$ cat protein.csv   # CSV, C-alpha atoms
chain,number,residue,atom,x,y,z
A,1,MET,CA,157.4,194.2,217.9
A,2,LYS,CA,155.7,193.1,214.8
A,3,GLU,CA,152.4,194.8,215.9
A,4,SER,CA,154.2,198.1,216.6
A,5,ILE,CA,155.9,197.9,213.1
A,6,LYS,CA,152.5,197.2,211.5
A,7,LYS,CA,150.9,200.1,213.4
A,8,LEU,CA,153.7,202.4,212.2
A,9,THR,CA,153.2,201.2,208.7
A,10,VAL,CA,149.5,201.9,208.8
A,11,LEU,CA,150.1,205.3,210.3
A,12,GLY,CA,152.7,206.1,207.7
A,13,SER,CA,150.3,205.1,204.9
A,14,PHE,CA,147.5,207.3,206.5
A,15,ASN,CA,149.9,210.2,206.7
A,16,GLN,CA,150.9,209.8,203.1
A,17,VAL,CA,147.2,209.8,202.0
A,18,LEU,CA,146.5,212.8,204.1
A,19,ILE,CA,149.5,214.8,202.7
A,20,PHE,CA,148.4,213.8,199.2
A,21,LEU,CA,144.9,215.1,199.7
A,22,VAL,CA,146.1,218.3,201.3
A,23,LEU,CA,148.5,218.9,198.4
A,24,LEU,CA,145.9,217.9,195.8
A,25,PHE,CA,143.2,220.3,197.2
A,26,THR,CA,145.8,223.1,197.6
A,27,ILE,CA,146.9,222.7,193.9
A,28,LEU,CA,143.3,222.5,192.7
A,29,HIS,CA,142.4,225.7,194.6
A,30,PHE,CA,145.4,227.9,193.7
A,31,ALA,CA,145.7,226.6,190.1
A,32,LYS,CA,142.0,227.2,189.4
A,33,SER,CA,142.6,229.8,186.6
A,34,PHE,CA,145.0,227.3,184.9
A,35,LEU,CA,143.0,224.1,185.4
A,36,VAL,CA,139.4,225.2,184.7
A,37,PRO,CA,140.0,226.0,181.0
A,38,ILE,CA,142.0,222.8,180.5
A,39,VAL,CA,139.2,220.6,182.1
A,40,THR,CA,136.5,222.5,180.2
A,41,SER,CA,138.4,222.1,176.9
A,42,GLY,CA,138.9,218.4,177.6
A,43,LEU,CA,135.2,217.8,178.1
A,44,PHE,CA,134.4,219.8,175.0
A,45,ALA,CA,137.0,217.9,173.0
A,46,MET,CA,135.5,214.5,174.1
A,47,LEU,CA,132.0,215.8,173.2
A,48,LEU,CA,133.1,216.9,169.7
A,49,VAL,CA,135.3,213.8,168.9
A,50,PRO,CA,132.5,211.9,167.1
A,51,VAL,CA,131.7,214.9,164.9
A,52,CYS,CA,135.4,215.3,164.0
A,53,HIS,CA,135.5,211.6,163.2
A,54,ARG,CA,132.6,212.0,160.8
A,55,LEU,CA,134.1,215.0,159.1
A,56,GLU,CA,137.5,213.3,158.7
A,57,HIS,CA,135.7,210.2,157.3
A,58,TRP,CA,134.2,212.5,154.7
A,59,GLY,CA,137.7,213.5,153.6
A,60,MET,CA,138.3,216.7,155.6
A,61,LYS,CA,141.7,217.1,157.2
A,62,ARG,CA,141.9,216.7,161.0
A,63,GLY,CA,143.0,220.3,161.6
A,64,TRP,CA,140.3,221.9,159.5
A,65,ALA,CA,137.7,219.5,161.0
A,66,ALA,CA,138.7,220.5,164.5
A,67,VAL,CA,138.6,224.2,163.7
A,68,LEU,CA,135.2,224.0,162.0
A,69,VAL,CA,133.6,222.0,164.8
A,70,VAL,CA,134.9,224.1,167.7
A,71,LEU,CA,134.1,227.5,166.0
A,72,VAL,CA,130.6,226.4,165.2
A,73,THR,CA,130.1,225.3,168.8
A,74,MET,CA,131.5,228.5,170.2
A,75,LEU,CA,129.3,230.6,167.9
A,76,MET,CA,126.3,228.7,169.2
A,77,ILE,CA,127.4,229.5,172.8
A,78,VAL,CA,128.0,233.1,172.0
A,79,GLY,CA,124.6,233.3,170.3
A,80,VAL,CA,122.9,232.1,173.5
A,81,LEU,CA,124.9,234.6,175.6
A,82,TYR,CA,123.9,237.4,173.2
A,83,VAL,CA,120.2,236.5,173.6
A,84,LEU,CA,120.6,236.5,177.4
A,85,VAL,CA,122.3,239.9,177.4
A,86,LYS,CA,119.7,241.4,174.9
A,87,GLU,CA,116.8,240.1,177.1
A,88,LEU,CA,118.6,241.4,180.2
A,89,VAL,CA,118.7,244.8,178.7
A,90,GLY,CA,115.0,244.6,177.9
A,91,LEU,CA,114.5,243.6,181.5
A,92,GLY,CA,115.8,247.0,182.6
A,93,GLY,CA,112.4,248.5,181.8
A,94,ASP,CA,111.0,246.6,184.8
A,95,LEU,CA,113.5,248.2,187.2
A,96,VAL,CA,111.2,251.1,187.9
A,97,ILE,CA,108.3,248.8,188.7
A,98,ILE,CA,110.6,246.7,190.9
A,99,GLY,CA,111.9,249.8,192.7
A,100,ASP,CA,108.3,251.1,193.4
A,101,ARG,CA,107.3,247.7,194.5
A,102,VAL,CA,110.2,247.3,196.9
A,103,SER,CA,109.5,250.8,198.3
A,104,GLU,CA,105.9,249.8,198.9
A,105,MET,CA,107.0,246.6,200.6
A,106,LEU,CA,109.4,248.5,202.8
A,107,ASP,CA,106.7,250.9,203.9
A,108,GLN,CA,104.5,248.0,204.8
A,109,GLY,CA,107.4,246.5,206.7
A,110,HIS,CA,108.0,249.7,208.6
A,111,ASP,CA,104.3,249.8,209.6
A,112,PHE,CA,104.4,246.2,210.8
A,113,VAL,CA,107.6,246.7,212.9
A,114,SER,CA,106.3,249.9,214.3
A,115,ASP,CA,103.0,248.3,215.4
A,116,ARG,CA,104.4,245.1,216.7
A,117,PHE,CA,107.7,246.0,218.2
A,118,HIS,CA,107.1,249.7,218.9
A,119,VAL,CA,110.2,250.9,216.9
A,120,SER,CA,109.7,254.3,215.3
A,121,LYS,CA,109.9,254.6,211.6
A,122,LEU,CA,112.7,257.2,212.0
A,123,LYS,CA,115.0,254.7,213.8
A,124,GLN,CA,114.2,252.0,211.2
A,125,LYS,CA,115.1,254.4,208.4
A,126,GLU,CA,118.3,255.4,210.2
A,127,TYR,CA,119.3,251.8,210.5
A,128,LEU,CA,118.5,251.0,206.9
A,129,ASN,CA,120.3,254.1,205.6
A,130,LYS,CA,123.4,253.1,207.6
A,131,HIS,CA,123.4,249.6,205.9
A,132,ILE,CA,122.5,251.0,202.5
A,133,ALA,CA,125.6,253.2,202.7
A,134,GLN,CA,127.7,250.1,203.3
A,135,TRP,CA,126.0,248.2,200.5
A,136,SER,CA,126.5,251.1,198.2
A,137,SER,CA,130.3,251.1,198.8
A,138,SER,CA,130.3,247.3,198.2
A,139,ALA,CA,128.2,247.7,195.1
A,140,GLY,CA,130.9,249.8,193.4
A,141,LYS,CA,133.4,247.0,194.1
A,142,MET,CA,130.9,244.5,192.8
A,143,VAL,CA,130.4,246.5,189.5
A,144,GLY,CA,134.2,246.6,189.1
A,145,GLY,CA,134.4,242.9,189.8
A,146,ALA,CA,131.6,242.2,187.3
A,147,ILE,CA,133.4,244.1,184.6
A,148,PHE,CA,136.6,242.2,185.4
A,149,SER,CA,134.7,238.9,185.4
A,150,THR,CA,133.2,239.7,182.0
A,151,VAL,CA,136.6,240.4,180.5
A,152,SER,CA,137.9,237.2,182.2
A,153,VAL,CA,135.1,235.1,180.8
A,154,LEU,CA,135.8,236.4,177.3
A,155,GLY,CA,139.5,235.6,177.7
A,156,ASN,CA,138.7,232.1,179.0
A,157,MET,CA,136.4,231.5,176.1
A,158,LEU,CA,139.3,232.3,173.7
A,159,ILE,CA,141.7,230.1,175.7
A,160,ILE,CA,139.1,227.2,175.8
A,161,THR,CA,138.6,227.5,172.0
A,162,ILE,CA,142.3,227.2,171.3
A,163,TYR,CA,142.8,224.4,173.8
A,164,THR,CA,139.8,222.4,172.4
A,165,ILE,CA,141.1,222.8,168.8
A,166,LEU,CA,144.6,221.6,169.8
A,167,MET,CA,143.3,218.7,171.9
A,168,LEU,CA,141.2,217.5,168.9
A,169,ILE,CA,144.2,217.8,166.6
A,170,TYR,CA,146.6,216.0,168.9
A,171,ARG,CA,144.2,213.5,170.4
A,172,ILE,CA,146.0,210.5,168.9
A,173,ARG,CA,149.3,211.7,170.3
A,174,ILE,CA,147.7,212.1,173.8
A,175,LYS,CA,146.3,208.6,173.6
A,176,ARG,CA,149.7,207.2,172.6
A,177,PHE,CA,151.3,209.0,175.5
A,178,VAL,CA,148.8,207.4,177.9
A,179,PHE,CA,149.4,203.9,176.4
A,180,GLN,CA,153.2,204.4,176.6
A,181,LEU,CA,152.9,205.2,180.3
A,182,VAL,CA,150.7,202.1,180.9
A,183,SER,CA,153.1,199.9,178.9
A,184,GLN,CA,156.1,201.3,180.9
A,185,HIS,CA,154.5,200.9,184.4
A,186,ALA,CA,152.0,198.1,184.1
A,187,GLY,CA,153.3,196.1,181.1
A,188,PHE,CA,152.5,195.8,177.5
A,189,ASN,CA,149.6,193.3,178.2
A,190,GLU,CA,147.6,196.1,179.9
A,191,VAL,CA,147.7,198.4,176.9
A,192,SER,CA,144.6,196.8,175.3
A,193,HIS,CA,142.8,197.2,178.6
A,194,ALA,CA,143.8,200.8,178.9
A,195,ARG,CA,142.7,201.4,175.3
A,196,SER,CA,139.2,200.1,176.2
A,197,ILE,CA,139.0,202.3,179.3
A,198,VAL,CA,140.0,205.4,177.3
A,199,GLU,CA,137.3,204.6,174.7
A,200,LYS,CA,134.7,204.1,177.4
A,201,ILE,CA,135.7,207.5,179.0
A,202,THR,CA,135.5,209.3,175.7
A,203,LYS,CA,132.1,207.7,174.9
A,204,VAL,CA,130.6,208.3,178.4
A,205,SER,CA,131.9,211.9,178.5
A,206,SER,CA,130.7,212.7,175.0
A,207,LEU,CA,127.2,211.3,175.7
A,208,TYR,CA,127.0,212.9,179.1
A,209,VAL,CA,128.1,216.4,178.1
A,210,GLY,CA,125.9,216.2,174.9
A,211,GLY,CA,123.0,215.0,177.0
A,212,ILE,CA,123.4,218.0,179.3
A,213,PHE,CA,123.2,220.4,176.3
A,214,LEU,CA,120.1,218.5,175.1
A,215,VAL,CA,118.4,218.7,178.4
A,216,VAL,CA,119.1,222.5,178.5
A,217,LEU,CA,117.6,222.9,175.1
A,218,ILE,CA,114.5,220.9,176.0
A,219,LEU,CA,114.0,222.7,179.3
A,220,SER,CA,114.5,226.1,177.6
A,221,ILE,CA,111.7,225.3,175.2
A,222,ILE,CA,109.4,224.0,177.9
A,223,TYR,CA,110.1,226.9,180.2
A,224,PHE,CA,109.6,229.5,177.4
A,225,VAL,CA,106.3,228.0,176.2
A,226,GLY,CA,105.0,227.6,179.8
A,227,LEU,CA,106.0,231.1,181.0
A,228,THR,CA,104.6,232.7,177.8
A,229,ILE,CA,101.3,231.0,178.4
A,230,ILE,CA,101.2,231.9,182.0
A,231,GLY,CA,102.0,235.5,181.1
A,232,VAL,CA,105.4,236.2,182.6
A,233,ASN,CA,107.3,239.1,181.0
A,234,ASN,CA,110.7,238.4,179.5
A,235,ALA,CA,109.8,234.7,179.3
A,236,LEU,CA,112.7,233.9,177.0
A,237,PHE,CA,115.4,235.4,179.3
A,238,PHE,CA,114.0,233.5,182.4
A,239,ALA,CA,113.6,230.3,180.3
A,240,ILE,CA,117.2,230.2,179.2
A,241,LEU,CA,118.5,231.3,182.6
A,242,ALA,CA,116.6,228.7,184.5
A,243,ALA,CA,117.6,226.0,182.0
A,244,LEU,CA,121.3,226.9,182.3
A,245,ILE,CA,121.2,227.0,186.1
A,246,ASN,CA,119.5,223.6,186.0
A,247,VAL,CA,122.9,222.2,184.9
A,248,ILE,CA,123.9,222.3,188.6
A,249,PRO,CA,122.5,219.1,190.1
A,250,TYR,CA,119.9,219.3,192.9
A,251,ILE,CA,120.5,223.0,193.6
A,252,GLY,CA,120.0,224.4,190.0
A,253,SER,CA,116.4,223.4,189.5
A,254,VAL,CA,115.3,225.0,192.8
A,255,ALA,CA,117.4,228.2,192.2
A,256,GLY,CA,116.1,228.7,188.7
A,257,GLY,CA,112.5,228.4,189.7
A,258,ALA,CA,113.0,230.6,192.8
A,259,ILE,CA,114.4,233.5,190.6
A,260,VAL,CA,111.3,233.5,188.4
A,261,VAL,CA,108.9,233.2,191.4
A,262,LEU,CA,110.6,236.1,193.2
A,263,TYR,CA,110.5,238.2,190.0
A,264,THR,CA,106.7,237.6,189.6
A,265,LEU,CA,106.2,238.2,193.3
A,266,VAL,CA,107.9,241.6,193.2
A,267,THR,CA,106.4,242.8,189.9
A,268,GLY,CA,102.9,241.4,190.2
A,269,ASP,CA,99.9,242.8,192.1
A,270,THR,CA,98.5,239.4,193.3
A,271,LEU,CA,99.9,236.1,194.6
A,272,THR,CA,98.1,234.2,191.8
A,273,LEU,CA,100.9,234.5,189.3
A,274,PRO,CA,103.8,233.5,191.6
A,275,ILE,CA,101.8,230.5,192.8
A,276,VAL,CA,101.1,229.4,189.3
A,277,VAL,CA,104.7,229.8,188.3
A,278,ALA,CA,105.8,227.8,191.4
A,279,ILE,CA,103.4,225.0,190.5
A,280,PHE,CA,104.7,225.1,186.9
A,281,PHE,CA,108.4,224.8,187.9
A,282,THR,CA,107.6,222.1,190.4
A,283,ALA,CA,105.9,220.1,187.6
A,284,VAL,CA,108.7,220.6,185.2
A,285,GLN,CA,111.3,219.6,187.9
A,286,GLN,CA,109.5,216.3,188.3
A,287,LEU,CA,109.5,215.8,184.6
A,288,ASP,CA,113.3,216.6,184.5
A,289,SER,CA,114.1,214.4,187.6
A,290,TYR,CA,112.1,211.3,186.5
A,291,VAL,CA,112.1,211.5,182.7
A,292,LEU,CA,114.6,213.8,181.0
A,293,THR,CA,117.8,213.6,183.1
A,294,PRO,CA,117.5,209.8,183.8
A,295,LYS,CA,116.8,209.0,180.1
A,296,ILE,CA,119.3,211.4,178.5
A,297,THR,CA,122.2,211.7,180.9
A,298,GLY,CA,121.5,209.4,183.9
A,299,GLY,CA,122.3,206.2,181.9
A,300,GLN,CA,125.8,207.4,181.1
A,301,VAL,CA,127.1,208.4,184.6
A,302,LYS,CA,125.4,206.5,187.4
A,303,LEU,CA,126.5,208.4,190.5
A,304,GLY,CA,125.0,208.1,194.0
A,305,PRO,CA,123.3,211.2,195.3
A,306,LEU,CA,125.5,211.3,198.5
A,307,PHE,CA,128.8,211.6,196.6
A,308,THR,CA,127.2,213.8,193.9
A,309,ILE,CA,126.2,216.4,196.6
A,310,MET,CA,129.6,216.0,198.3
A,311,VAL,CA,131.6,216.6,195.0
A,312,LEU,CA,129.2,219.4,194.1
A,313,LEU,CA,130.0,221.3,197.4
A,314,LEU,CA,133.7,220.5,197.0
A,315,GLY,CA,133.7,221.8,193.5
A,316,GLY,CA,132.0,225.0,194.6
A,317,MET,CA,134.5,225.4,197.4
A,318,LEU,CA,137.5,224.9,195.1
A,319,TRP,CA,136.5,226.4,191.8
A,320,GLY,CA,133.2,228.2,192.4
A,321,ALA,CA,130.3,227.9,190.0
A,322,ALA,CA,132.7,226.3,187.4
A,323,GLY,CA,133.6,223.5,189.9
A,324,MET,CA,129.9,222.8,190.6
A,325,ILE,CA,129.4,222.1,186.9
A,326,LEU,CA,132.8,220.4,186.1
A,327,PHE,CA,133.3,218.2,189.1
A,328,ILE,CA,130.2,216.0,188.3
A,329,PRO,CA,131.5,214.7,184.9
A,330,LEU,CA,135.0,214.4,186.4
A,331,LEU,CA,133.6,212.2,189.1
A,332,GLY,CA,131.9,210.2,186.3
A,333,ILE,CA,135.2,209.8,184.5
A,334,PHE,CA,136.8,208.5,187.7
A,335,LYS,CA,133.9,206.1,188.2
A,336,VAL,CA,134.6,204.6,184.7
A,337,ILE,CA,138.3,204.1,185.7
A,338,PHE,CA,137.4,202.6,189.1
A,339,ASP,CA,134.9,200.2,187.5
A,340,ASN,CA,137.4,198.9,185.0
A,341,VAL,CA,140.5,198.6,187.3
A,342,ASP,CA,140.2,195.6,189.7
A,343,PRO,CA,141.9,197.1,192.8
A,344,LEU,CA,139.7,200.2,192.4
A,345,LYS,CA,136.4,198.5,191.9
A,346,PRO,CA,135.3,199.0,195.5
A,347,TYR,CA,135.6,202.8,195.1
A,348,GLY,CA,133.5,202.6,191.9
A,349,HIS,CA,130.8,200.6,193.8
A,350,LEU,CA,130.9,203.2,196.7
A,351,ILE,CA,130.3,206.3,194.6
A,352,GLY,CA,127.8,204.5,192.2
A,353,ASP,CA,124.1,204.7,192.3
$ encode --input "protein.csv" --output "structure tokens"
Amino acid sequence: MKESIKKLTVLGSFNQVLIFLVLLFTILHFAKSFLVPIVTSGLFAMLLVPVCHRLEHWGMKRGWAAVLVVLVTMLMIVGVLYVLVKELVGLGGDLVIIGDRVSEMLDQGHDFVSDRFHVSKLKQKEYLNKHIAQWSSSAGKMVGGAIFSTVSVLGNMLIITIYTILMLIYRIRIKRFVFQLVSQHAGFNEVSHARSIVEKITKVSSLYVGGIFLVVLILSIIYFVGLTIIGVNNALFFAILAALINVIPYIGSVAGGAIVVLYTLVTGDTLTLPIVVAIFFTAVQQLDSYVLTPKITGGQVKLGPLFTIMVLLLGGMLWGAAGMILFIPLLGIFKVIFDNVDPLKPYGHLIGD
């Protein structure tokens, strides 16, 4: 009788955990447009807290300090986006070359298929035209979606700016709210422990997010100098783009290099330039993996590669590209909590490096 009751209790606990996970992932998915700006603002706020402390120490009021710091940060981000768009417009001059190159490669492909598989060029072109018509109809939808996405990004930037300012202004009230909850549910003696955990989370998040920005800046400079020396056109655009994509762990570094290699392969006349670019990005990736990221950000959030990849894929599934970026520091925050709460320490050990 006791064994059956125990089994029912274990089964009930498992069902509760399963229902909780289903509800959690459902809420995260459908509340994406609401949660992404809040999480992004929270990370930005934790990044900018030390700067606000410094300005307040110099006598500036908290509200003005928050507004100044956030607006300067947003202006820097807008400046980077402006440079990217400007360079992208300049890249349009290469579209003719890319088009001619693609046509030449298609002709070579037609000849190869015709010789090896005995499929006439006419049938190949009919097949391609059929799919091109489908792609063209999809392209119109993609353009409309791109315009909508641009407007959405600008709207989200405004929301994130407002959220971040308000979080910096009301950060003391938010901390008090957390401490009151801890005092009510865990006892007054746990408040000091909770205060130390909150301070660690703020410090780790600030150093981690700041470290990411620093790595992006360093990589942008390295990529720009290297691609300029190699002789790649629009080196500034590809340098900033590859550095920004590198924010996504494991996948970003490969994707950024692949874009530049593909560009040089299509626009170049020989394989020498793509090979040199591939070697250059491989060398920089080793520098980033073994020197930059471990020294600048790796010491702040020590996460194991298994759970980093898992949370990366989960973030991409739930929130898209934003999730692939945001879920890593969120997992780092949870690790800080796990490491400092005794019943949760095994989970911190599990996801740690």
$ atom_distance --input "protein.csv" --atom1 "CA of Thr164 in chain A" --atom2 "CA of Lys61 in chain A"
16.2 Å
$ closest_residue --input "protein.csv" --among "A:Pro329, A:Leu287, A:Val17, A:Leu68" --to "Ser206 in chain A" --atoms "only C-alpha atoms"
A:Pro329
$ atom_distance --input "protein.csv" --atom1 "CA of Phe213 in chain A" --atom2 "CA of Ala243 in chain A"
9.8 Å
$ atom_distance --input "protein.csv" --atom1 "CA of Val178 in chain A" --atom2 "CA of Ile197 in chain A"
11.1 Å
$ residues_around --input "protein.csv" --residues "Ala242 in chain A" --least-positions-apart "4" --cutoff "7 Å" --atoms "all atoms listed in the file" --output "count of residues only"
4
$ closest_residue --input "protein.csv" --among "A:Gly210, A:Gly79, A:Gly59, A:Pro249" --to "Pro305 in chain A" --atoms "all atoms listed in the file"
A:Pro249
$ residues_near_point --input "protein.csv" --point "(125.8, 204.8, 192.7)" --cutoff "6 Å" --atoms "only C-alpha atoms" --output "MDAnalysis selection string"
chainID A and resid 302:304 351:353
$ closest_atom_pairs --input "protein.csv" --of "range 17-43 of chain A" --to "range 333-341 of chain A" --cutoff "12 Å" --atoms "all atoms listed in the file" --output "JSON lines"
{"residue": "A:Val39", "atom": "CA", "partner": "A:Ile333", "partner_atom": "CA", "distance": 11.8}
{"residue": "A:Gly42", "atom": "CA", "partner": "A:Ile333", "partner_atom": "CA", "distance": 11.6}
{"residue": "A:Leu43", "atom": "CA", "partner": "A:Ile333", "partner_atom": "CA", "distance": 10.2}
$ residues_around --input "protein.csv" --residues "Phe280 in chain A" --least-positions-apart "2" --cutoff "10 Å" --atoms "all atoms listed in the file" --output "MDAnalysis selection string"
chainID A and resid 223 226:227 230 257 274:278 282:285
$ residues_around --input "protein.csv" --residues "Trp319 in chain A" --least-positions-apart "2" --cutoff "12 Å" --atoms "all atoms listed in the file" --output "ChimeraX atom specification"
/A:25-37,39,311-317,321-327
